[in-house]
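Everything on this sheet refers to the single structure shown next.
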Amino acid sequence: MRTKFFASPTRRSIIIILIASVFGLFAFRLFQMQVVQHQAYDEKSAGNSIKAMEQTPLRGVFLDRNGKVLVDNIPAYTLRVTPVDYDTSLNKILETILDAEPGYISRILLNNRIYSKYVPIRIKRGISFEVVSWLEENEQHLAGVDYIVEMQRGYPGGIMGSHMFGYTKEISPQQLEKENEYYNPGDYVGHNGIEKTYEHVLRGEKGYNYVLVDSKRKEIGRYKEGLRDETSVKGHDLMLSIDADAQLVAEHEFIGKRGALVAIEPATGEIIALVSAPDYDLNEFSYVTSREFLSKLYNDPDKPSFNRATMSVKPPGSTYKILSAIAALDMGVITPQTTFFCGGSFTFGRSFKCHGAHGSVNVIQAIEKSCNVFFYNLIYKIGLDKFAEYSRRFGFSGKTGIDIGEEVPGFIPKTDYFIKMYGEKWPRSIMASLAIGQGEVSVTPLQLAQYTALIANNGKSFTPHIAKGYADDNTKKLIPFNFNKLNVNIRQEVFDIVKQGMYLVVNGAGTATHIRMIELNISGKTGTAQNPHGKDHALFICFAPSENPKIAVAVVVENVGFGATHAAPIAKKVIEAYLLKDKLKQKDEMLLPKIDDKIAGASFAD
Amino acid sequence: MQIDYKLKDKFELGIFFPALFLIIIGLLAVFSATSNNPAAEGNFQKQLFWAVLSIVIFFIVYFLPTNTFRMISIPAYLFSLLLLVIVLVAGKKVSGARSWLDLGLLGFQPAEFAKIGTILALSAFLSRRNTDIESFSDIIKALSIGFIPVALILLEPDMGTSFVFVGLILTLIFWKGISLFGLFLVLSPAMVAVASLFGTIYFISAVVIVLAALLFFKKNIFFSGSIIAFNIGAGFFTDYVYNALSPHQQKRIQSFIDPMADPLGAGYNAIQAKVAIGSGGFFGKGFLNGNQTQLQYIPEQWTDFIYCVIGEEFGFIGSIVTLGLFFFLFIRILRTASVAKDEFLSLLIIGILSVYFIHLLINIGMVLGIMPVIGIPLPFVSYGGSSLLVNVFMLGIIANIYRTRKEYT
């Protein structure tokens, strides 16, 4: 029965309209998605499938003042496991090979389970070459196990430099939060020393390789054949003012001792050598630090991790007599002709001893002989607050601003300190020992070195620093860093006078004549800091050549006794290594096998 | 010229060529979607084989005596029902639905063949000399013929194909000439059912609309009351069906309402499909260069999400060309349906058109994010042997009817 509506034109039109509106809707929607909102979808798509693989830039190396490499980058092997291909039954054998405790691998894999199973997980960094060989030999049985080469710090010169170079370490969450525009979790960052101070110079610029990943984050190829990749830019090489020869000798001299040595170029403030002993092997920090090493390091009663050069404070002993002399001469309270009589002791409220009876001495003789009585007299002429002011001018009781961070200011008392401690009527006798660097004065070896440098260069220098500048990668020229100028504003005659005394300490009838040498003249001052807890600390400050100082050295050796005996020879060795390089080298050639053994560093470690 | 005219008179090029182009586009897209996927190795070759076979089948159907279709309508329908029952018992489960019949060498989906059987049977019933589409009993009979396979397919459960059948039934009775009220009677329960899925407020609003329509038609109280009761019943029934759905299908319905609620779960495909199409831009990323496609962001993209490959690699141009081919094809089919004077044959064509159209509506609507994710292939384009063969078989029927249109008036 045919109805009047069967296949009617109206019904046909309704169907056409229906079809047309659906197609119209789809076309509109396509236009909206593919033309109008294309950008947004494109970004989503790219974010989906293009993964930026970070390329860690090569860290800048450290060169010594003559361009010799002190710290560089060496390849290290890292073992990885890709969970999707990996059979956990291999855990046991891998743990044996890696010398890890049972359960080590499964623990790491468990910690990283949030990542796609196609992403390789680092199991152990810094695996030995033997392990690498083993991996290669047994490759076919080790599905899902591989190794990659990553760079770690190497110390090729046999120089420890523990306290100045510092080391890199995985970035802390706190620092990451502050500097998240560059760093990612797991990045290594300079943790202390030079590595920390010059992190921004050394780190370089990260590179990125863009790879395509599928929906399971499995890598399946390069994005645009690597055309969009950005290569990483190596960090700048840092030129240090350290002299490798002087540093090596200084470190060698301190083996088995406790103490510190700082050598500075007087005219520039450049640090030539810096040692804090005992030190520790930075290689242990270059990738993953073993727990045993850390506990050994931190539980050692000699505190190897403590930077004695900048952090340990001690009374400067007789080395401080130069400061008293300078203050008195500059203030005009004495002249070079002023003499005091030393009968072996000085009485002010109580008796203060001298280590001999020097008779009538002027300031030059007093320095030469290190006469205590002369200086006991001086301090009462200078006055406590002036004494403190001159100390401050030479950089004491304040941080020097050295470019390795950790540093303490030390302490020089003023009147208000004694008032606070002992009341308005504090016994003036306390002052006497300050003049000879004993009692309530404390300084760091670095401050002593700066003080010596200032004396050597007639009161002018720069803030002590280890890095001279960095190498420009295009021009290969040194871009120098700027440091503050120092000037103590003291008359030249004053320096001339005290320097005469210091010359005689070594070259006259003074306390350090045993380090006198033919090739060049050393001027110095010995010191012995009294130690209520044990043997005295030996100190020695000096500069050389006396006529035109190129190096100023401060040496502190703890708990050994007299400065002249224990500290001065070390300073002499360092001066020789620095100033008589060429002559020493000639000697080295004659004794090649023996010295070579030393330089290789093997004998050091024992 | 003479020969050319004769060919055009006997062979509707406007139906054959759009479909052929769509099959070719489909082959390219399948090639692209499977080229980097070891799990889909050989799928392109299989599809190429089906494509060649389907053209052979097209011409076989084209040359059949047109009477054959009427003759096979009842047996084909009954055979389809038999297969649908068999698949429920012995079928293979593919992604949650027991829809595959595995016959050793080749497997197929009985629901695909049931489309042909149902169109044939329903067209035959509606074109009977004594069928009155305005009579309540004939409407019920027509709906029964249509809904028996729907019920069987829902048991698999295959929601997408069920929708196709519902659309097919409605289109056929519409083309037959059902009155506005009759159509309202058939449509209103469906409307209420869909509304109830969205929540109580939508359900109540739908019932109110039905009530208003009943007032408009001014039928007697008793009749109107039964209609309302039936509609409310349909709403609750839907709720029951929804609860009976497998959890992954429930999730798909939920994820349509808010795809971002579960971006890595059921909404994942919907989002990735949109990203693929949108990132294609105006000109596309180029053949084999779509990263969404090549990196397998969309699982089994060569089947239901094939349009994403086109959208991503051939861009707006490619998407619109594909859409245009469909539009041209549909209008030509519709024209053939009007040209065919025989009621059975005309209904047959409209039924086939509705199947194509609903597939397209759900499939492209889904990948464009304006329809829920319902697994259903895009005719001629998606990978799949039974789907392609059945679609081309039906296209052969239309071409056949065009060939003999002047003999059946």
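Starting from 1 in every chain, residues are counted up; chains themselves are A, B, ... following the order of the structure tokens, and ligands are numbered from 1 as listed.
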task = Compute the chain A side of the contact with chain B at 7 Å, counting only C-alpha atoms, and hand it back as a PyMOL selection string.
result = chain A and resi 1+3+5-7+11+27+30-31+33-35+37-38+41-42+44-45+49+213-215
request  = Please return as JSON, numbers by chain: the residues of range 222-400 of chain A that backbone DSSP assigns to helix (DSSP H, G or I).
outcome  = {"A": [223, 224, 225, 226, 244, 245, 246, 247, 248, 249, 250, 251, 252, 253, 282, 283, 284, 285, 291, 292, 293, 294, 295, 296, 297, 298, 299, 308, 309, 310, 311, 317, 318, 319, 320, 321, 322, 323, 324, 325, 326, 327, 328, 329, 330, 331, 363, 364, 365, 366, 367, 368, 369, 372, 373, 374, 375, 376, 377, 378, 379, 380, 381, 382, 384, 385, 386, 387, 388, 389, 390, 391, 392, 393]}
message = What's around range 193-201 of chain B at 10 Å? Count only C-alpha atoms, leave out sequence neighbours fewer than 2 positions away in its own chain, and write the answer as a PyMOL selection string.
response = chain B and resi 187-191+203-207+231-239+242+253-254+257
Write out as a short mmCIF file (atom, residue, chain, number, x, y, z; two decimals) with C-alpha atoms, in the first residue's frame which residues come within 12 Å of range 100-117 of chain A when counting only C-alpha atoms, dropping same-chain ones fewer than 4 positions away.
```cif
data_model
loop_
_atom_site.label_atom_id
_atom_site.label_comp_id
_atom_site.auth_asym_id
_atom_site.auth_seq_id
_atom_site.Cartn_x
_atom_site.Cartn_y
_atom_site.Cartn_z
CA LEU A 79 75.95 0.75 33.99
CA ARG A 80 72.30 0.98 33.02
CA VAL A 81 69.34 -1.34 32.85
CA THR A 82 66.36 -0.95 30.55
CA PRO A 83 63.53 -2.65 32.45
CA VAL A 84 61.49 -3.73 29.43
CA ASP A 85 64.30 -5.92 28.07
CA TYR A 86 65.79 -6.86 31.40
CA ASP A 87 65.32 -10.16 33.15
CA THR A 88 65.53 -9.68 36.92
CA SER A 89 67.12 -13.11 37.27
CA LEU A 90 70.31 -11.32 36.21
CA ASN A 91 70.23 -9.25 39.43
CA LYS A 92 72.31 -11.72 41.37
CA ILE A 93 75.15 -12.02 38.89
CA LEU A 94 75.25 -8.26 38.24
CA GLU A 95 75.34 -7.53 41.95
CA THR A 96 78.28 -9.90 42.29
CA ILE A 121 67.89 3.44 34.54
CA ARG A 122 71.39 4.22 35.88
CA ILE A 123 72.38 1.38 38.19
CA LYS A 124 75.93 2.29 39.04
CA ILE A 127 82.14 1.20 37.12
CA GLY A 144 68.57 -4.89 28.75
CA VAL A 145 71.96 -4.16 30.30
CA VAL A 213 59.38 8.64 21.23
CA ASP A 214 56.29 6.55 20.82
CA SER A 215 53.34 6.45 23.16
CA LYS A 216 55.34 4.28 25.56
CA ARG A 217 58.25 6.78 25.64
CA LYS A 218 60.38 4.31 23.73
CA GLU A 219 62.99 6.01 21.60
CA SER A 290 81.32 5.68 48.81
#
```
query = So which residues touch Asn482 in chain A within 10 Å, counting only C-alpha atoms, skipping near sequence neighbours fewer than 4 positions away, as a ChimeraX atom specification?
reply = /A:462-463,465,468-469
N, CA and C atoms of the current selection, written as a short mmCIF file (atom, residue, chain, number, x, y, z; two decimals), in the first residue's frame:
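Below is the file out.cif, written as the result:
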```cif
data_model
loop_
_atom_site.label_atom_id
_atom_site.label_comp_id
_atom_site.auth_asym_id
_atom_site.auth_seq_id
_atom_site.Cartn_x
_atom_site.Cartn_y
_atom_site.Cartn_z
N PHE A 462 96.29 43.00 45.99
CA PHE A 462 94.89 42.76 45.62
C PHE A 462 94.32 41.67 46.52
N THR A 463 93.00 41.61 46.60
CA THR A 463 92.34 40.55 47.34
C THR A 463 92.91 39.20 46.89
N HIS A 465 93.33 35.65 45.58
CA HIS A 465 92.42 34.87 44.73
C HIS A 465 93.16 33.76 44.02
N LYS A 468 92.60 33.34 37.96
CA LYS A 468 93.03 34.56 37.27
C LYS A 468 91.95 35.04 36.30
N GLY A 469 91.39 34.09 35.60
CA GLY A 469 90.38 34.44 34.60
C GLY A 469 90.00 33.19 33.83
#
```
message = Applying 9 Å and only C-alpha atoms, which residues near Leu22 in chain B remain after dropping the ones on its own chain fewer than 2 positions away? List them as a PyMOL selection string.
response = chain B and resi 17-20+24-27+322+325-326+379-381
inquiry  = as an MDAnalysis selection string, please: the residues near Glu170 in chain A (cut-off 9 Å, only C-alpha atoms, same-chain neighbours under 6 positions excluded).
reply    = chainID A and resid 185:191
request  = List every residue of range 388-582 of chain A that DSSP, applied to the backbone, labels as strand (DSSP E or B), and write the result as an MDAnalysis selection string.
outcome  = chainID A and resid 411 442:443 460:462 465 467:471 478:480 485:487 523:529 537:544 551:557
Give me a file of those residues, with C-alpha atoms, as an mmCIF file, in the first residue's frame.
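Written out: out-v2.cif:
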```cif
data_model
loop_
_atom_site.group_PDB
_atom_site.id
_atom_site.type_symbol
_atom_site.label_atom_id
_atom_site.label_comp_id
_atom_site.auth_asym_id
_atom_site.auth_seq_id
_atom_site.Cartn_x
_atom_site.Cartn_y
_atom_site.Cartn_z
ATOM 1 C CA PHE A 411 89.867 37.923 65.990
ATOM 2 C CA SER A 442 93.709 34.672 66.294
ATOM 3 C CA VAL A 443 94.425 34.676 62.581
ATOM 4 C CA LYS A 460 99.731 47.433 48.078
ATOM 5 C CA SER A 461 98.156 44.291 46.706
ATOM 6 C CA PHE A 462 94.889 42.761 45.616
ATOM 7 C CA HIS A 465 92.424 34.874 44.733
ATOM 8 C CA ALA A 467 91.373 32.111 39.620
ATOM 9 C CA LYS A 468 93.033 34.565 37.269
ATOM 10 C CA GLY A 469 90.385 34.435 34.596
ATOM 11 C CA TYR A 470 88.838 32.202 31.999
ATOM 12 C CA ALA A 471 89.759 31.397 28.435
ATOM 13 C CA LEU A 478 92.444 35.110 28.910
ATOM 14 C CA ILE A 479 89.505 37.129 30.157
ATOM 15 C CA PRO A 480 90.747 38.247 33.586
ATOM 16 C CA LYS A 485 92.801 46.700 45.164
ATOM 17 C CA LEU A 486 94.293 46.805 48.641
ATOM 18 C CA ASN A 487 96.316 49.644 50.075
ATOM 19 C CA SER A 523 113.270 37.678 54.106
ATOM 20 C CA GLY A 524 111.090 36.205 56.805
ATOM 21 C CA LYS A 525 109.921 35.981 60.366
ATOM 22 C CA THR A 526 109.545 32.946 62.489
ATOM 23 C CA GLY A 527 106.808 32.382 64.980
ATOM 24 C CA THR A 528 105.722 29.887 67.562
ATOM 25 C CA ALA A 529 102.174 29.980 68.778
ATOM 26 C CA HIS A 537 102.376 25.477 66.538
ATOM 27 C CA ALA A 538 105.261 26.408 64.233
ATOM 28 C CA LEU A 539 104.807 29.445 62.019
ATOM 29 C CA PHE A 540 106.886 31.125 59.378
ATOM 30 C CA ILE A 541 106.188 34.020 57.069
ATOM 31 C CA CYS A 542 108.548 35.098 54.351
ATOM 32 C CA PHE A 543 108.943 36.595 50.927
ATOM 33 C CA ALA A 544 111.545 36.270 48.200
ATOM 34 C CA ILE A 551 106.329 35.289 46.315
ATOM 35 C CA ALA A 552 105.079 35.668 49.868
ATOM 36 C CA VAL A 553 104.555 32.531 51.923
ATOM 37 C CA ALA A 554 102.853 31.814 55.219
ATOM 38 C CA VAL A 555 103.302 28.396 56.792
ATOM 39 C CA VAL A 556 101.593 26.993 59.864
ATOM 40 C CA VAL A 557 102.482 23.544 61.121
#
```
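As for CA of Phe223 in chain B and CA of Ser162 in chain B, they are spaced 28.9 Å apart.
Between CA of Ala435 in chain A and CA of Gln492 in chain A the separation is 22.0 Å.
The two atoms in question, CA of Ile17 in chain A and CA of Met159 in chain B, are spaced 26.4 Å apart.
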